[in-house]
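Here's the structure, in structure tokens; my notes come after.
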Amino acid sequence: METPEKQLLFLERLISQDTTNEQHGVYGKEMNAQQVIMEKFNELGLEIDVFEPENERLYAYKEADRGHYYENRPNVVGVWKGTGGGRSLILNGHIDTMPFDQLDKWTSHPLQPTRSEGKLYGRGSCDMKAGVAAMIMAVENLVKHGMRLKGDVILQSVVDEEGGGNGTLACLDRGYRADAAIVTEPTELQIMPAHMGWLFFRISFTGKALHSALKWQGVNAIEKAAKVIQALQELEREWAISKRHPLLPPPTINIGTIHGGMAGSVVPDRCILDFGLHYLPGDADEEKLGGLVEAEVMDMLRRVFASDAWMTEHPPVIEKYQEGSGYELLADHPLIGAVSSSFQNIFHTLPLVWGCEYGSDARLLANYGDIPTVVFGPGSIQQAHGIDEFVEIKQYWDCIKVLTDFISDWCGVAES
């Protein structure tokens, strides 16, 4: 088994590689760290599969993001083949990170991993290179201990999660399946078997421009948007009362951006409103997407438009520009119990089982691969994407311990 110091050095090496996801996934620099991953997989004697996502194949999936380029942005999959007769496992994590700027506000450079007071700082330390490193180090513990497993372990270091998840979709399209999966996103070592789905919309309003002194003769597009904002807030309040989930918060609707007008002296004839909503997995449609929630929102918008003479004659244009499914694993599924048992073996206490307010590639593994999946990893989502991003070093080491115990238990140890 590797020493804790060597495990930390491996994580620091990943952090020092620039793997920023650019323009929401259109481009990316993931290859810098994927080379480090390939080197480690070779060292461990894994079967290695290196492949770039293919847009033509991905577009068969409704949640695929279009217009992204993958030359020199490969997924790296390492398979530790079992002897047979055991349960298989996917360990999945994304190697891409969000961009960084405002370098004068960082205590140290984002690509210079820095240890301080039990924390490791750097871009991606939390989201989610600590999770990627932890799952690899757990496998390394078992390999270097000379252990053989019955079931296969499939390590997936994927690209372009921050841009939507095309990397994991490409793994599914390539045929990778297992009896269970863990996505090692930052959960503070809580077990998360569910997360919200999401929908994002843009509404373009038209009005009639005029000097503001004659406002009553014009039509204010911003005020039309305000009517919709008020209706969306009322719908959010209704959902807070009527829609509940034992692990997740009520659905939310967020007014994200509003653009319109040119000056206080002009009645604005254009306004664009962007809003996003997060919905409960139980409100998904037959395709496990947000069709039912979308229909509810569209019905509300039609009623708002119909109540206004101008918007009836000049209906605003509605565009859905992004969607992601939610997912959940039933509370009595053996995977949750198995991860809980390994957690208890390490800490002698039960873990917290909760839901993710944010989304992850867990939804893709669960909904498109029919793979029982939980999210479990080191770090707090509060640190993701921010200045002076960090992960608690002890939590990283603890995650390795739990995963090491879980992998051997889930896949089964082969007789020597």
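Ordering of the structure tokens sets the chain letters (A, B, ...); residue numbers start at 1 within each chain; ligands are numbered from 1 in the order shown.
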Show which residues sit within 8 Å of Gly167 (chain A), as an mmCIF file with N, CA and C atoms, in the first residue's frame. Count only C-alpha atoms, and ignore same-chain residues fewer than 3 positions away.
```
data_model
loop_
_atom_site.group_PDB
_atom_site.id
_atom_site.type_symbol
_atom_site.label_atom_id
_atom_site.label_comp_id
_atom_site.auth_asym_id
_atom_site.auth_seq_id
_atom_site.Cartn_x
_atom_site.Cartn_y
_atom_site.Cartn_z
ATOM 1 N N PRO A 53 -14.276 11.225 -27.300
ATOM 2 C CA PRO A 53 -15.712 11.197 -27.587
ATOM 3 C C PRO A 53 -15.983 11.563 -29.041
ATOM 4 N N ASN A 75 -10.955 10.414 -23.127
ATOM 5 C CA ASN A 75 -11.242 9.686 -21.898
ATOM 6 C C ASN A 75 -10.125 8.664 -21.685
ATOM 7 N N VAL A 158 -12.795 10.909 -16.979
ATOM 8 C CA VAL A 158 -13.533 11.410 -18.140
ATOM 9 C C VAL A 158 -13.312 12.900 -18.342
ATOM 10 N N VAL A 159 -13.518 13.326 -19.567
ATOM 11 C CA VAL A 159 -13.390 14.736 -19.938
ATOM 12 C C VAL A 159 -14.771 15.392 -19.987
ATOM 13 N N ASP A 160 -14.760 16.712 -19.971
ATOM 14 C CA ASP A 160 -15.928 17.538 -20.308
ATOM 15 C C ASP A 160 -17.151 17.302 -19.429
ATOM 16 N N GLU A 161 -16.950 17.055 -18.153
ATOM 17 C CA GLU A 161 -18.109 17.008 -17.256
ATOM 18 C C GLU A 161 -18.635 18.407 -16.994
ATOM 19 N N ALA A 170 -19.825 9.146 -23.507
ATOM 20 C CA ALA A 170 -18.983 8.403 -24.451
ATOM 21 C C ALA A 170 -18.558 7.058 -23.869
ATOM 22 N N CYS A 171 -18.325 6.997 -22.560
ATOM 23 C CA CYS A 171 -18.002 5.712 -21.917
ATOM 24 C C CYS A 171 -19.188 4.759 -22.013
#
```
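Shortest atom-to-atom contact with His278 (chain A) among A:Arg237, A:Lys40, A:Arg177, A:His195: A:His195, counting only C-alpha atoms.
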Shell of 9 Å around Ile154 (chain A), only C-alpha atoms, local chain residues under 2 positions omitted, as a PyMOL selection string: chain A and resi 77-81+88-92+152+156+176-178
Can I get the selection written as a short mmCIF file (atom, residue, chain, number, x, y, z; two decimals), in the first residue's frame, with all heavy atoms?
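What ended up in again19.cif:
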```
data_model
loop_
_atom_site.label_atom_id
_atom_site.label_comp_id
_atom_site.auth_asym_id
_atom_site.auth_seq_id
_atom_site.Cartn_x
_atom_site.Cartn_y
_atom_site.Cartn_z
N VAL A 77 -9.71 5.10 -19.58
CA VAL A 77 -10.36 4.05 -18.78
C VAL A 77 -9.33 2.97 -18.49
O VAL A 77 -8.62 2.50 -19.38
CB VAL A 77 -11.57 3.45 -19.53
CG1 VAL A 77 -12.18 2.31 -18.72
CG2 VAL A 77 -12.61 4.53 -19.81
N GLY A 78 -9.24 2.59 -17.23
CA GLY A 78 -8.37 1.49 -16.82
C GLY A 78 -9.19 0.38 -16.21
O GLY A 78 -10.00 0.63 -15.30
N VAL A 79 -9.04 -0.83 -16.70
CA VAL A 79 -9.82 -1.97 -16.22
C VAL A 79 -8.91 -2.93 -15.49
O VAL A 79 -7.91 -3.42 -16.02
CB VAL A 79 -10.52 -2.70 -17.40
CG1 VAL A 79 -11.32 -3.89 -16.88
CG2 VAL A 79 -11.43 -1.74 -18.17
N TRP A 80 -9.26 -3.21 -14.24
CA TRP A 80 -8.59 -4.24 -13.46
C TRP A 80 -9.47 -5.48 -13.51
O TRP A 80 -10.50 -5.55 -12.84
CB TRP A 80 -8.41 -3.75 -12.02
CG TRP A 80 -7.59 -4.68 -11.16
CD1 TRP A 80 -6.72 -5.64 -11.57
CD2 TRP A 80 -7.60 -4.72 -9.73
NE1 TRP A 80 -6.17 -6.28 -10.49
CE2 TRP A 80 -6.68 -5.74 -9.35
CE3 TRP A 80 -8.26 -4.00 -8.74
CZ2 TRP A 80 -6.43 -6.06 -8.01
CZ3 TRP A 80 -8.01 -4.32 -7.41
CH2 TRP A 80 -7.12 -5.34 -7.05
N LYS A 81 -9.08 -6.41 -14.33
CA LYS A 81 -9.90 -7.59 -14.58
C LYS A 81 -9.92 -8.51 -13.35
O LYS A 81 -8.89 -8.77 -12.73
CB LYS A 81 -9.38 -8.37 -15.79
CG LYS A 81 -9.51 -7.65 -17.11
CD LYS A 81 -10.97 -7.51 -17.54
CE LYS A 81 -11.59 -8.84 -17.90
NZ LYS A 81 -12.98 -8.69 -18.41
N SER A 88 -19.11 -6.47 -10.47
CA SER A 88 -18.24 -5.48 -11.11
C SER A 88 -18.57 -4.08 -10.60
O SER A 88 -19.64 -3.83 -10.03
CB SER A 88 -18.41 -5.54 -12.63
OG SER A 88 -19.77 -5.35 -12.99
N LEU A 89 -17.64 -3.16 -10.83
CA LEU A 89 -17.76 -1.81 -10.28
C LEU A 89 -17.13 -0.79 -11.22
O LEU A 89 -16.03 -1.01 -11.74
CB LEU A 89 -17.05 -1.75 -8.92
CG LEU A 89 -16.97 -0.38 -8.23
CD1 LEU A 89 -18.36 0.08 -7.81
CD2 LEU A 89 -16.03 -0.45 -7.03
N ILE A 90 -17.84 0.31 -11.43
CA ILE A 90 -17.29 1.48 -12.11
C ILE A 90 -16.99 2.55 -11.07
O ILE A 90 -17.83 2.86 -10.22
CB ILE A 90 -18.27 2.04 -13.17
CG1 ILE A 90 -18.33 1.12 -14.39
CG2 ILE A 90 -17.86 3.46 -13.61
CD1 ILE A 90 -19.39 1.52 -15.40
N LEU A 91 -15.78 3.11 -11.12
CA LEU A 91 -15.42 4.29 -10.35
C LEU A 91 -15.19 5.41 -11.35
O LEU A 91 -14.30 5.32 -12.20
CB LEU A 91 -14.17 4.02 -9.52
CG LEU A 91 -14.34 2.97 -8.41
CD1 LEU A 91 -12.99 2.55 -7.86
CD2 LEU A 91 -15.24 3.49 -7.31
N ASN A 92 -16.00 6.46 -11.26
CA ASN A 92 -16.04 7.48 -12.30
C ASN A 92 -15.72 8.86 -11.72
O ASN A 92 -16.24 9.23 -10.66
CB ASN A 92 -17.44 7.50 -12.94
CG ASN A 92 -17.66 8.65 -13.90
OD1 ASN A 92 -17.84 9.80 -13.48
ND2 ASN A 92 -17.68 8.36 -15.19
N ASP A 152 -14.66 -7.27 -11.90
CA ASP A 152 -13.88 -6.24 -12.59
C ASP A 152 -14.05 -4.88 -11.90
O ASP A 152 -15.15 -4.54 -11.43
CB ASP A 152 -14.33 -6.09 -14.04
CG ASP A 152 -14.10 -7.34 -14.86
OD1 ASP A 152 -13.37 -8.23 -14.40
OD2 ASP A 152 -14.67 -7.42 -15.97
N GLN A 156 -12.69 5.22 -14.53
CA GLN A 156 -12.98 6.12 -15.65
C GLN A 156 -12.57 7.55 -15.29
O GLN A 156 -13.16 8.17 -14.40
CB GLN A 156 -14.47 6.09 -15.99
CG GLN A 156 -14.97 4.74 -16.44
CD GLN A 156 -16.46 4.73 -16.74
OE1 GLN A 156 -17.20 5.62 -16.30
NE2 GLN A 156 -16.92 3.73 -17.48
N TYR A 176 -19.35 0.41 -21.68
CA TYR A 176 -18.95 0.13 -20.31
C TYR A 176 -20.18 0.06 -19.40
O TYR A 176 -20.97 1.00 -19.31
CB TYR A 176 -17.97 1.19 -19.80
CG TYR A 176 -16.59 1.04 -20.39
CD1 TYR A 176 -16.12 1.92 -21.37
CD2 TYR A 176 -15.76 0.00 -19.98
CE1 TYR A 176 -14.85 1.76 -21.92
CE2 TYR A 176 -14.49 -0.16 -20.53
CZ TYR A 176 -14.05 0.72 -21.49
OH TYR A 176 -12.79 0.55 -22.03
N ARG A 177 -20.30 -1.08 -18.72
CA ARG A 177 -21.39 -1.30 -17.77
C ARG A 177 -20.81 -2.04 -16.57
O ARG A 177 -19.77 -2.69 -16.65
CB ARG A 177 -22.52 -2.14 -18.38
CG ARG A 177 -23.23 -1.52 -19.57
CD ARG A 177 -24.04 -0.30 -19.19
NE ARG A 177 -24.85 0.18 -20.30
CZ ARG A 177 -24.43 0.98 -21.27
NH1 ARG A 177 -23.15 1.37 -21.28
NH2 ARG A 177 -25.25 1.39 -22.23
N ALA A 178 -21.51 -1.97 -15.44
CA ALA A 178 -21.08 -2.69 -14.25
C ALA A 178 -22.28 -2.89 -13.35
O ALA A 178 -23.37 -2.33 -13.57
CB ALA A 178 -19.98 -1.92 -13.52
#
```
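The space between CA of Met196 (chain A) and CA of Cys126 (chain A) spans 20.7 Å.
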Contacts of Val76 (chain A) at 7 Å (only C-alpha atoms; same-chain gap of 5+ positions) as an NGL selection string: :A and (34 or 38 or 49-51 or 156-158)
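Neighbours of Asn367 (chain A) closer than or equal to 9 Å, with only C-alpha atoms counted and sequence neighbours fewer than 5 positions away skipped, come out as Glu287, Lys288, Ser325, Gly326, Tyr327 and Ala362 of chain A.
Those residues that approach region 8-16 of chain A to within 7 Å, counting only C-alpha atoms, are Pro4, Glu5, Lys6, Asp18, Ala33, Leu111, Gln112, Pro113, Gly122, Arg123, Gly124, Ser125, Lys129, Ala130 and Ala133 of chain A; same-chain residues fewer than 2 positions away are not listed.
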Would you mind exporting the chosen residues as a PDB file, in the first residue's frame, restricted to N, CA, C and O atoms?
```pdb
ATOM      1  N   PRO A   4       0.568   7.573   2.893  1.00  0.00           N
ATOM      2  CA  PRO A   4      -0.268   8.768   2.734  1.00  0.00           C
ATOM      3  C   PRO A   4       0.445   9.904   2.008  1.00  0.00           C
ATOM      4  O   PRO A   4      -0.165  10.627   1.218  1.00  0.00           O
ATOM      5  N   GLU A   5       1.749  10.059   2.261  1.00  0.00           N
ATOM      6  CA  GLU A   5       2.492  11.140   1.596  1.00  0.00           C
ATOM      7  C   GLU A   5       2.538  10.926   0.089  1.00  0.00           C
ATOM      8  O   GLU A   5       2.332  11.870  -0.692  1.00  0.00           O
ATOM      9  N   LYS A   6       2.783   9.692  -0.356  1.00  0.00           N
ATOM     10  CA  LYS A   6       2.811   9.432  -1.792  1.00  0.00           C
ATOM     11  C   LYS A   6       1.425   9.611  -2.415  1.00  0.00           C
ATOM     12  O   LYS A   6       1.307  10.055  -3.557  1.00  0.00           O
ATOM     13  N   ASP A  18      -2.789  21.781 -15.888  1.00  0.00           N
ATOM     14  CA  ASP A  18      -3.902  22.638 -16.321  1.00  0.00           C
ATOM     15  C   ASP A  18      -4.885  21.809 -17.145  1.00  0.00           C
ATOM     16  O   ASP A  18      -4.572  21.358 -18.252  1.00  0.00           O
ATOM     17  N   ALA A  33      -3.442  16.209 -17.742  1.00  0.00           N
ATOM     18  CA  ALA A  33      -3.515  15.283 -16.605  1.00  0.00           C
ATOM     19  C   ALA A  33      -3.809  13.859 -17.045  1.00  0.00           C
ATOM     20  O   ALA A  33      -3.436  12.910 -16.347  1.00  0.00           O
ATOM     21  N   LEU A 111      -2.507  26.538 -10.063  1.00  0.00           N
ATOM     22  CA  LEU A 111      -1.843  25.320 -10.524  1.00  0.00           C
ATOM     23  C   LEU A 111      -0.606  24.984  -9.688  1.00  0.00           C
ATOM     24  O   LEU A 111       0.177  24.128 -10.072  1.00  0.00           O
ATOM     25  N   GLN A 112      -0.470  25.664  -8.555  1.00  0.00           N
ATOM     26  CA  GLN A 112       0.626  25.375  -7.623  1.00  0.00           C
ATOM     27  C   GLN A 112       0.014  24.831  -6.341  1.00  0.00           C
ATOM     28  O   GLN A 112      -0.344  25.596  -5.440  1.00  0.00           O
ATOM     29  N   PRO A 113      -0.157  23.507  -6.238  1.00  0.00           N
ATOM     30  CA  PRO A 113      -0.791  22.941  -5.045  1.00  0.00           C
ATOM     31  C   PRO A 113      -0.043  23.338  -3.781  1.00  0.00           C
ATOM     32  O   PRO A 113       1.191  23.242  -3.722  1.00  0.00           O
ATOM     33  N   GLY A 122      -5.695  24.566  -4.543  1.00  0.00           N
ATOM     34  CA  GLY A 122      -5.395  24.533  -5.969  1.00  0.00           C
ATOM     35  C   GLY A 122      -6.652  24.276  -6.773  1.00  0.00           C
ATOM     36  O   GLY A 122      -7.611  23.682  -6.275  1.00  0.00           O
ATOM     37  N   ARG A 123      -6.659  24.718  -8.028  1.00  0.00           N
ATOM     38  CA  ARG A 123      -7.823  24.498  -8.879  1.00  0.00           C
ATOM     39  C   ARG A 123      -8.016  23.006  -9.115  1.00  0.00           C
ATOM     40  O   ARG A 123      -7.101  22.295  -9.509  1.00  0.00           O
ATOM     41  N   GLY A 124      -9.224  22.544  -8.837  1.00  0.00           N
ATOM     42  CA  GLY A 124      -9.551  21.143  -8.995  1.00  0.00           C
ATOM     43  C   GLY A 124      -9.250  20.298  -7.778  1.00  0.00           C
ATOM     44  O   GLY A 124      -9.573  19.104  -7.765  1.00  0.00           O
ATOM     45  N   SER A 125      -8.647  20.877  -6.741  1.00  0.00           N
ATOM     46  CA  SER A 125      -8.346  20.086  -5.545  1.00  0.00           C
ATOM     47  C   SER A 125      -9.611  19.454  -4.990  1.00  0.00           C
ATOM     48  O   SER A 125      -9.607  18.278  -4.586  1.00  0.00           O
ATOM     49  N   LYS A 129     -10.403  16.555  -8.571  1.00  0.00           N
ATOM     50  CA  LYS A 129      -9.188  15.750  -8.703  1.00  0.00           C
ATOM     51  C   LYS A 129      -8.905  14.939  -7.445  1.00  0.00           C
ATOM     52  O   LYS A 129      -8.290  13.869  -7.525  1.00  0.00           O
ATOM     53  N   ALA A 130      -9.363  15.409  -6.275  1.00  0.00           N
ATOM     54  CA  ALA A 130      -9.223  14.598  -5.072  1.00  0.00           C
ATOM     55  C   ALA A 130     -10.034  13.317  -5.200  1.00  0.00           C
ATOM     56  O   ALA A 130      -9.587  12.237  -4.787  1.00  0.00           O
ATOM     57  N   ALA A 133      -8.216  11.055  -7.788  1.00  0.00           N
ATOM     58  CA  ALA A 133      -7.021  10.473  -7.186  1.00  0.00           C
ATOM     59  C   ALA A 133      -7.387   9.421  -6.142  1.00  0.00           C
ATOM     60  O   ALA A 133      -6.726   8.373  -6.041  1.00  0.00           O
TER      61      ALA A 133
END
```
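Between Glu30 (chain A) and the residues A:Leu280, A:Ala295, A:Ile95, A:Ile48, the shortest atom-to-atom distance, using only C-alpha atoms, involves A:Ile95.
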Would you mind listing what lies within 7 Å of region 267-270 of chain A as a PDB file with C-alpha atoms, in the first residue's frame, with only C-alpha atoms counted and same-chain residues fewer than 4 positions away left out?
```
ATOM      1  CA  PHE A 205     -39.852  39.744 -25.302  1.00  0.00           C
ATOM      2  CA  THR A 206     -40.698  42.474 -27.804  1.00  0.00           C
ATOM      3  CA  GLY A 207     -42.238  45.855 -27.099  1.00  0.00           C
ATOM      4  CA  LYS A 208     -42.664  49.217 -28.776  1.00  0.00           C
ATOM      5  CA  ALA A 209     -39.897  51.815 -28.367  1.00  0.00           C
ATOM      6  CA  LEU A 210     -40.759  55.431 -27.670  1.00  0.00           C
ATOM      7  CA  HIS A 211     -39.576  58.442 -25.717  1.00  0.00           C
ATOM      8  CA  SER A 212     -40.221  57.761 -22.035  1.00  0.00           C
ATOM      9  CA  LYS A 215     -44.573  55.934 -22.196  1.00  0.00           C
ATOM     10  CA  GLY A 218     -45.195  52.563 -26.190  1.00  0.00           C
ATOM     11  CA  VAL A 219     -44.916  49.015 -24.873  1.00  0.00           C
ATOM     12  CA  ASN A 220     -42.272  48.278 -22.230  1.00  0.00           C
ATOM     13  CA  ALA A 221     -40.673  44.878 -22.909  1.00  0.00           C
ATOM     14  CA  ILE A 222     -38.987  44.837 -19.491  1.00  0.00           C
ATOM     15  CA  GLY A 260     -33.066  45.010 -22.126  1.00  0.00           C
ATOM     16  CA  GLY A 261     -33.351  48.687 -22.870  1.00  0.00           C
ATOM     17  CA  MET A 262     -30.820  51.373 -23.769  1.00  0.00           C
TER      18      MET A 262
END
```
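Proximity ranking of A:Val339, A:Ile400, A:Leu277, A:Leu149 relative to Phe201 (chain A) places A:Leu277 first, based on only C-alpha atoms.
Between Trp198 (chain A) and the residues A:Arg302, A:Arg363, A:Arg115, A:Arg57, the shortest atom-to-atom distance, using only C-alpha atoms, involves A:Arg363.
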Per DSSP on the backbone, what are the helix (DSSP H, G or I) residues of region 56-206 of chain A, as a short mmCIF file (atom, residue, chain, number, x, y, z; two decimals) with N, CA, C and O atoms, in the first residue's frame?
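Saved result, part_10.cif, follows:
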```cif
data_model
loop_
_atom_site.label_atom_id
_atom_site.label_comp_id
_atom_site.auth_asym_id
_atom_site.auth_seq_id
_atom_site.Cartn_x
_atom_site.Cartn_y
_atom_site.Cartn_z
N GLU A 56 -20.80 12.49 -33.41
CA GLU A 56 -21.85 11.86 -34.22
C GLU A 56 -22.56 10.76 -33.42
O GLU A 56 -23.76 10.55 -33.59
N ARG A 57 -21.84 10.08 -32.58
CA ARG A 57 -22.44 9.03 -31.76
C ARG A 57 -23.17 9.62 -30.56
O ARG A 57 -24.24 9.16 -30.17
N LEU A 58 -22.59 10.68 -29.96
CA LEU A 58 -23.18 11.27 -28.76
C LEU A 58 -24.53 11.91 -29.03
O LEU A 58 -25.39 11.95 -28.15
N LEU A 103 -6.10 36.16 -10.49
CA LEU A 103 -4.98 35.51 -9.83
C LEU A 103 -4.47 36.31 -8.63
O LEU A 103 -3.91 35.73 -7.69
N ASP A 104 -4.69 37.61 -8.63
CA ASP A 104 -4.24 38.42 -7.51
C ASP A 104 -5.01 38.12 -6.22
O ASP A 104 -4.56 38.45 -5.12
N LYS A 105 -6.18 37.46 -6.36
CA LYS A 105 -6.98 37.13 -5.18
C LYS A 105 -6.68 35.74 -4.64
O LYS A 105 -7.14 35.39 -3.55
N SER A 125 -8.65 20.88 -6.74
CA SER A 125 -8.35 20.09 -5.55
C SER A 125 -9.61 19.45 -4.99
O SER A 125 -9.61 18.28 -4.59
N CYS A 126 -10.70 20.21 -5.00
CA CYS A 126 -11.99 19.70 -4.52
C CYS A 126 -12.80 19.11 -5.66
O CYS A 126 -13.29 17.98 -5.56
N ASP A 127 -12.94 19.85 -6.74
CA ASP A 127 -13.83 19.47 -7.85
C ASP A 127 -13.02 19.19 -9.11
O ASP A 127 -12.78 20.08 -9.90
N MET A 128 -12.70 17.91 -9.39
CA MET A 128 -12.81 16.83 -8.42
C MET A 128 -11.58 15.93 -8.50
O MET A 128 -11.67 14.71 -8.55
N LYS A 129 -10.40 16.56 -8.57
CA LYS A 129 -9.19 15.75 -8.70
C LYS A 129 -8.90 14.94 -7.44
O LYS A 129 -8.29 13.87 -7.52
N ALA A 130 -9.36 15.41 -6.27
CA ALA A 130 -9.22 14.60 -5.07
C ALA A 130 -10.03 13.32 -5.20
O ALA A 130 -9.59 12.24 -4.79
N GLY A 131 -11.22 13.41 -5.78
CA GLY A 131 -12.04 12.22 -5.98
C GLY A 131 -11.43 11.27 -6.99
O GLY A 131 -11.43 10.05 -6.80
N VAL A 132 -10.91 11.82 -8.10
CA VAL A 132 -10.25 10.99 -9.11
C VAL A 132 -9.03 10.29 -8.51
O VAL A 132 -8.83 9.08 -8.68
N ALA A 133 -8.22 11.06 -7.79
CA ALA A 133 -7.02 10.47 -7.19
C ALA A 133 -7.39 9.42 -6.14
O ALA A 133 -6.73 8.37 -6.04
N ALA A 134 -8.44 9.68 -5.35
CA ALA A 134 -8.82 8.75 -4.29
C ALA A 134 -9.21 7.39 -4.85
O ALA A 134 -8.83 6.35 -4.31
N MET A 135 -9.97 7.38 -5.94
CA MET A 135 -10.41 6.09 -6.48
C MET A 135 -9.23 5.32 -7.08
O MET A 135 -9.16 4.10 -6.99
N ILE A 136 -8.27 6.05 -7.67
CA ILE A 136 -7.09 5.39 -8.23
C ILE A 136 -6.19 4.87 -7.11
O ILE A 136 -5.67 3.75 -7.18
N MET A 137 -6.01 5.68 -6.06
CA MET A 137 -5.18 5.26 -4.94
C MET A 137 -5.78 4.06 -4.21
O MET A 137 -5.05 3.20 -3.69
N ALA A 138 -7.11 3.97 -4.16
CA ALA A 138 -7.75 2.82 -3.52
C ALA A 138 -7.42 1.54 -4.29
O ALA A 138 -7.10 0.50 -3.69
N VAL A 139 -7.50 1.62 -5.61
CA VAL A 139 -7.14 0.45 -6.43
C VAL A 139 -5.66 0.14 -6.27
O VAL A 139 -5.26 -1.03 -6.17
N GLU A 140 -4.83 1.16 -6.22
CA GLU A 140 -3.39 0.94 -6.04
C GLU A 140 -3.12 0.23 -4.71
O GLU A 140 -2.26 -0.66 -4.64
N ASN A 141 -3.85 0.61 -3.66
CA ASN A 141 -3.67 -0.07 -2.37
C ASN A 141 -3.86 -1.58 -2.52
O ASN A 141 -3.09 -2.37 -1.99
N LEU A 142 -4.91 -1.98 -3.24
CA LEU A 142 -5.23 -3.39 -3.39
C LEU A 142 -4.24 -4.10 -4.30
O LEU A 142 -3.81 -5.22 -4.03
N VAL A 143 -3.88 -3.44 -5.41
CA VAL A 143 -2.95 -4.05 -6.35
C VAL A 143 -1.59 -4.29 -5.68
O VAL A 143 -1.00 -5.38 -5.77
N LYS A 144 -1.08 -3.27 -4.99
CA LYS A 144 0.25 -3.37 -4.38
C LYS A 144 0.25 -4.26 -3.14
O LYS A 144 1.32 -4.70 -2.68
N ASN A 166 -20.45 14.91 -21.64
CA ASN A 166 -20.22 14.10 -22.84
C ASN A 166 -19.17 13.01 -22.64
O ASN A 166 -19.20 11.97 -23.30
N GLY A 167 -18.22 13.23 -21.74
CA GLY A 167 -17.19 12.23 -21.50
C GLY A 167 -17.77 10.94 -20.96
O GLY A 167 -17.46 9.84 -21.44
N THR A 168 -18.63 11.05 -19.96
CA THR A 168 -19.26 9.86 -19.40
C THR A 168 -20.23 9.24 -20.39
O THR A 168 -20.33 8.00 -20.49
N LEU A 169 -20.95 10.06 -21.14
CA LEU A 169 -21.83 9.51 -22.18
C LEU A 169 -21.03 8.68 -23.18
O LEU A 169 -21.48 7.62 -23.63
N ALA A 170 -19.83 9.15 -23.51
CA ALA A 170 -18.98 8.40 -24.45
C ALA A 170 -18.56 7.06 -23.87
O ALA A 170 -18.45 6.07 -24.60
N CYS A 171 -18.32 7.00 -22.56
CA CYS A 171 -18.00 5.71 -21.92
C CYS A 171 -19.19 4.76 -22.01
O CYS A 171 -19.02 3.56 -22.29
N LEU A 172 -20.39 5.28 -21.78
CA LEU A 172 -21.58 4.44 -21.89
C LEU A 172 -21.78 3.97 -23.33
O LEU A 172 -22.10 2.81 -23.58
N ASP A 173 -21.59 4.89 -24.26
CA ASP A 173 -21.76 4.54 -25.67
C ASP A 173 -20.73 3.48 -26.09
O ASP A 173 -21.01 2.67 -26.97
#
```
Pick from A:Asp96, A:Asp388, A:Glu2, A:Glu319 nearest to Gly28 (chain A), counting only C-alpha atoms: A:Asp96
Residue set, region 16-246 of chain A restricted to strand (DSSP E), as a ChimeraX atom specification: /A:21-22,27-28,47-51,75-80,89-94,114-116,119-121,153-158,181-183,194-195,197-206,210-211
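For the set A:Ala181, A:Leu247, A:Met98, A:Leu155, the residue with the smallest atom-to-atom gap to Ala331 (chain A) is A:Leu247, counting only C-alpha atoms.
Between CA of Met300 (chain A) and CA of Thr252 (chain A) there is a distance of 15.4 Å.
The space between CA of Pro193 (chain A) and CA of Gln382 (chain A) spans 19.1 Å.
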